[in-house]
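Undergrad: Below you'll find the structure I mean.
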Amino acid sequence: MTPLLAMTSMLPTPDPVPGAGLRPLAAQDASLDEFTAAWENVADFFRTEAAHRGVVGGSLWFVRDGAVLGKVLHGMADAAEDRPVDDATIFHWASLTKTLTGIGILQLRDRGLLLLEDPAANWLPDLRSVHAAEGSVDEVTVGHLLSHTSGFRASTWPWGGDQPWHPFEPTRWEELATMMPWTELLFRPGERFGYSNPGIVVLARILEEASGEPWEAYVQKWIFHPLELEGSYFRHTPPHLAPHRSNAYRLEGGIPVPRGPDFDPGVTVSNSGWNAPVPDLVRYLAFLSGGAGEGGAGILSRSSLEEMWMPRVEVGEGAAWGEPHEAMGLTFFLTSHAGGRLVGHAGRQWSHLSFFYLDPETGAGAIGVVNTDGVAGPDRRLDARAFMNEVRARLVRDVFPQVPGRR
């Protein structure tokens, strides 16, 4: 059974006035007590298990249209500096970055600079050297790349990575392009879902060709600046934000080992480079929900966002690190819950584990992140990754269905 795919024709009609008719979360809502109880249960689980799993620092927030309904601040942003996690702590958000690339592509489509039906190779002829056992690379469209149905492999860097002098990822597009003759499509474009980091890098390169701007500059100008995401940036931390940057920790033999706060994501910055404090993510979700007047009309239309949240392909059980996703839209994963549907994404990179979920019908959202990856002891049940999977599952199952008020 594929509930979200079955719901395609039931998706809500975009409101011409974003946020019109929104009922605030208030005492008159009969289910307010149920929501509060459900949230507190998950918050207690996060606090207790984060400590039990050896997580150095993390944060879990539940929001609605820019308003914070609940939050948990756990542990230390930097243990050596005795600096606790607070509202200003800057975390690494990894693959949540992919949704920024997706929004940028839809902006260009809406401006008439490209089509989702465009063959990717028309923009990037280097792709034609990729081997395709079935079909042709010319069948890969911009839309396939957005929905992870292109056939490209999952990892960006297929060789090396096990030596200290190796780069973390390819550092320039030219390095990725050089690998094209040794790259193949794993299935015919459009045939099925296949999560692909290089597919997003290809999208970012198309964005640069179509816009005439570097990807990082484009996102700053067309997304971060109008949303006033002043703590958001890519790559290395500027000096004025350095006091807020979280370190990253890898559990080795149950002991957290610091990796350093900064690293160079190289050419993969477009699929995993976003650094930001949680309040910037709160503003981002407020823009996505359309309920708080966060400059959304000047960034992407409501109809285009809804288009990104239409199910394109079934994900399949166990895909994307065990998260309870059912379908893929355009760079957004889609998940059912008892009251409707959620859109969102999760990420894992440089020992940070992160996620966000948004219920477009209520404007409610959840944001979670920890700065620690690995296993706290010999018992695999102390895996930080499994802990974050359980946090997500509890939010989807227990909290989102209890949010009072519908638009």
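Every chain in the structure tokens takes a letter, A first, then B, and so on in the order presented; its residues are numbered from 1, and the ligands are numbered from 1 following the presented order.
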Find the residues around Ala276 (chain A) up to 6 Å (only C-alpha atoms counted), leave out those fewer than 5 positions away in its own chain, and share them as a list of chain:residue names.

TA: A:Ile90, A:Phe91, A:Gly231, A:Ser232

Undergrad: With C-alpha atoms kept, could you save the residues just selected as a short mmCIF file (atom, residue, chain, number, x, y, z; two decimals), in the first residue's frame?

TA:
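Writing the result to again-v2.cif gives the following:
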```
data_model
loop_
_atom_site.label_atom_id
_atom_site.label_comp_id
_atom_site.auth_asym_id
_atom_site.auth_seq_id
_atom_site.Cartn_x
_atom_site.Cartn_y
_atom_site.Cartn_z
CA ILE A 90 25.33 26.72 14.45
CA PHE A 91 24.98 23.13 13.28
CA GLY A 231 23.31 32.90 10.29
CA SER A 232 23.29 30.65 7.22
#
```

Undergrad: Find the residue from A:Val130, A:Leu146, A:Ile200, A:Val42 that sits nearest to Glu184 (chain A); use only C-alpha atoms when measuring.

TA: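 Using only C-alpha atoms, the shortest distance to Glu184 (chain A) belongs to A:Val130.
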
Undergrad: For a test of reading the model, state the distance in Å between CA of Arg111 (chain A) and CA of Thr97 (chain A), rounded to one decimal.

TA: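 These atoms are spaced 21.7 Å apart.
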
Undergrad: Can you work out which one of A:Thr331, A:Ser95, A:Gln349, A:Asn371 has the shortest atom-to-atom distance to Phe263 (chain A), counting only C-alpha atoms?

TA: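 Ranking A:Thr331, A:Ser95, A:Gln349, A:Asn371 by distance to Phe263 (chain A), first place goes to A:Gln349.
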
Undergrad: Run DSSP on the backbone and tell me which residues of region 119-267 of chain A come out as helix (DSSP H, G or I); list them as an MDAnalysis selection string.

TA: chainID A and resid 120:123 125:129 137:139 142:146 173:178 180:182 197:211 215:227 239:244 266:267

Undergrad: Based on DSSP run over this structure's backbone, return all residues of region 37-265 of chain A in strand (DSSP E), as a ChimeraX atom specification.

TA: /A:57-64,67-78,83-84,90-92,131-132,184-185,233-234,249-252,255-258

Undergrad: If we count only C-alpha atoms and set the cut-off at 12 Å, which residues sit around Asn271 (chain A), ignoring sequence neighbours fewer than 5 positions away in its own chain? Please answer as a PDB file with C-alpha atoms, in the first residue's frame.

TA:
```pdb
ATOM      1  CA  TRP A  93      22.529  20.405   8.181  1.00  0.00           C
ATOM      2  CA  ALA A  94      23.986  18.079   5.531  1.00  0.00           C
ATOM      3  CA  SER A  95      21.435  16.845   2.973  1.00  0.00           C
ATOM      4  CA  LEU A  96      18.731  19.301   4.002  1.00  0.00           C
ATOM      5  CA  THR A  97      20.718  21.505   1.592  1.00  0.00           C
ATOM      6  CA  LYS A  98      19.245  19.552  -1.316  1.00  0.00           C
ATOM      7  CA  THR A  99      15.902  21.300  -0.838  1.00  0.00           C
ATOM      8  CA  LEU A 100      17.628  24.666  -1.429  1.00  0.00           C
ATOM      9  CA  THR A 101      18.933  23.391  -4.764  1.00  0.00           C
ATOM     10  CA  GLY A 102      15.459  22.142  -5.638  1.00  0.00           C
ATOM     11  CA  LEU A 146      14.986  16.491  -8.761  1.00  0.00           C
ATOM     12  CA  ALA A 154      24.304   7.335  -4.561  1.00  0.00           C
ATOM     13  CA  SER A 155      27.828   8.475  -3.661  1.00  0.00           C
ATOM     14  CA  THR A 156      29.684  11.370  -5.244  1.00  0.00           C
ATOM     15  CA  GLU A 169      34.764  14.989  -1.705  1.00  0.00           C
ATOM     16  CA  TYR A 195      18.954   8.431  -4.009  1.00  0.00           C
ATOM     17  CA  SER A 196      21.833  10.247  -5.702  1.00  0.00           C
ATOM     18  CA  ASN A 197      24.228  12.858  -4.395  1.00  0.00           C
ATOM     19  CA  PRO A 198      25.941  13.408  -7.780  1.00  0.00           C
ATOM     20  CA  GLY A 199      22.488  13.922  -9.303  1.00  0.00           C
ATOM     21  CA  ILE A 200      22.050  16.990  -7.082  1.00  0.00           C
ATOM     22  CA  VAL A 201      25.541  18.226  -7.983  1.00  0.00           C
ATOM     23  CA  VAL A 202      24.524  17.972 -11.651  1.00  0.00           C
ATOM     24  CA  LEU A 203      21.404  20.019 -10.839  1.00  0.00           C
ATOM     25  CA  ALA A 204      23.526  22.689  -9.180  1.00  0.00           C
ATOM     26  CA  ARG A 205      25.753  22.887 -12.244  1.00  0.00           C
ATOM     27  CA  TRP A 215      25.471  28.144  -6.800  1.00  0.00           C
ATOM     28  CA  GLU A 216      26.486  29.546  -3.399  1.00  0.00           C
ATOM     29  CA  PHE A 234      28.507  27.442   3.374  1.00  0.00           C
ATOM     30  CA  PRO A 265      32.364  19.745   1.287  1.00  0.00           C
ATOM     31  CA  GLY A 266      33.943  20.482  -2.083  1.00  0.00           C
ATOM     32  CA  THR A 331      13.952  17.106  -3.544  1.00  0.00           C
ATOM     33  CA  HIS A 345      14.386  15.771   4.478  1.00  0.00           C
ATOM     34  CA  ALA A 346      17.092  14.270   6.672  1.00  0.00           C
ATOM     35  CA  GLY A 347      20.857  14.544   6.570  1.00  0.00           C
ATOM     36  CA  ARG A 348      24.041  12.862   7.766  1.00  0.00           C
ATOM     37  CA  GLN A 349      27.511  14.297   7.261  1.00  0.00           C
TER      38      GLN A 349
END
```

Undergrad: Quick one: pull the distance between CA of Glu139 (chain A) and CA of Glu191 (chain A), Å, one decimal.

TA: 11.2 Å

Undergrad: Got a sec: who's within 12 Å of Pro243 (chain A), counting only C-alpha atoms, leaving out chain neighbours fewer than 3 positions off, as a VMD selection string?

TA: chain A and resid 77 to 78 81 to 86 88 to 90 237 to 240 246 to 247 261

Undergrad: What's the separation between CA of Gly161 (chain A) and CA of Gly194 (chain A), in Å to one decimal place?

TA: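 So the answer is 22.4 Å.
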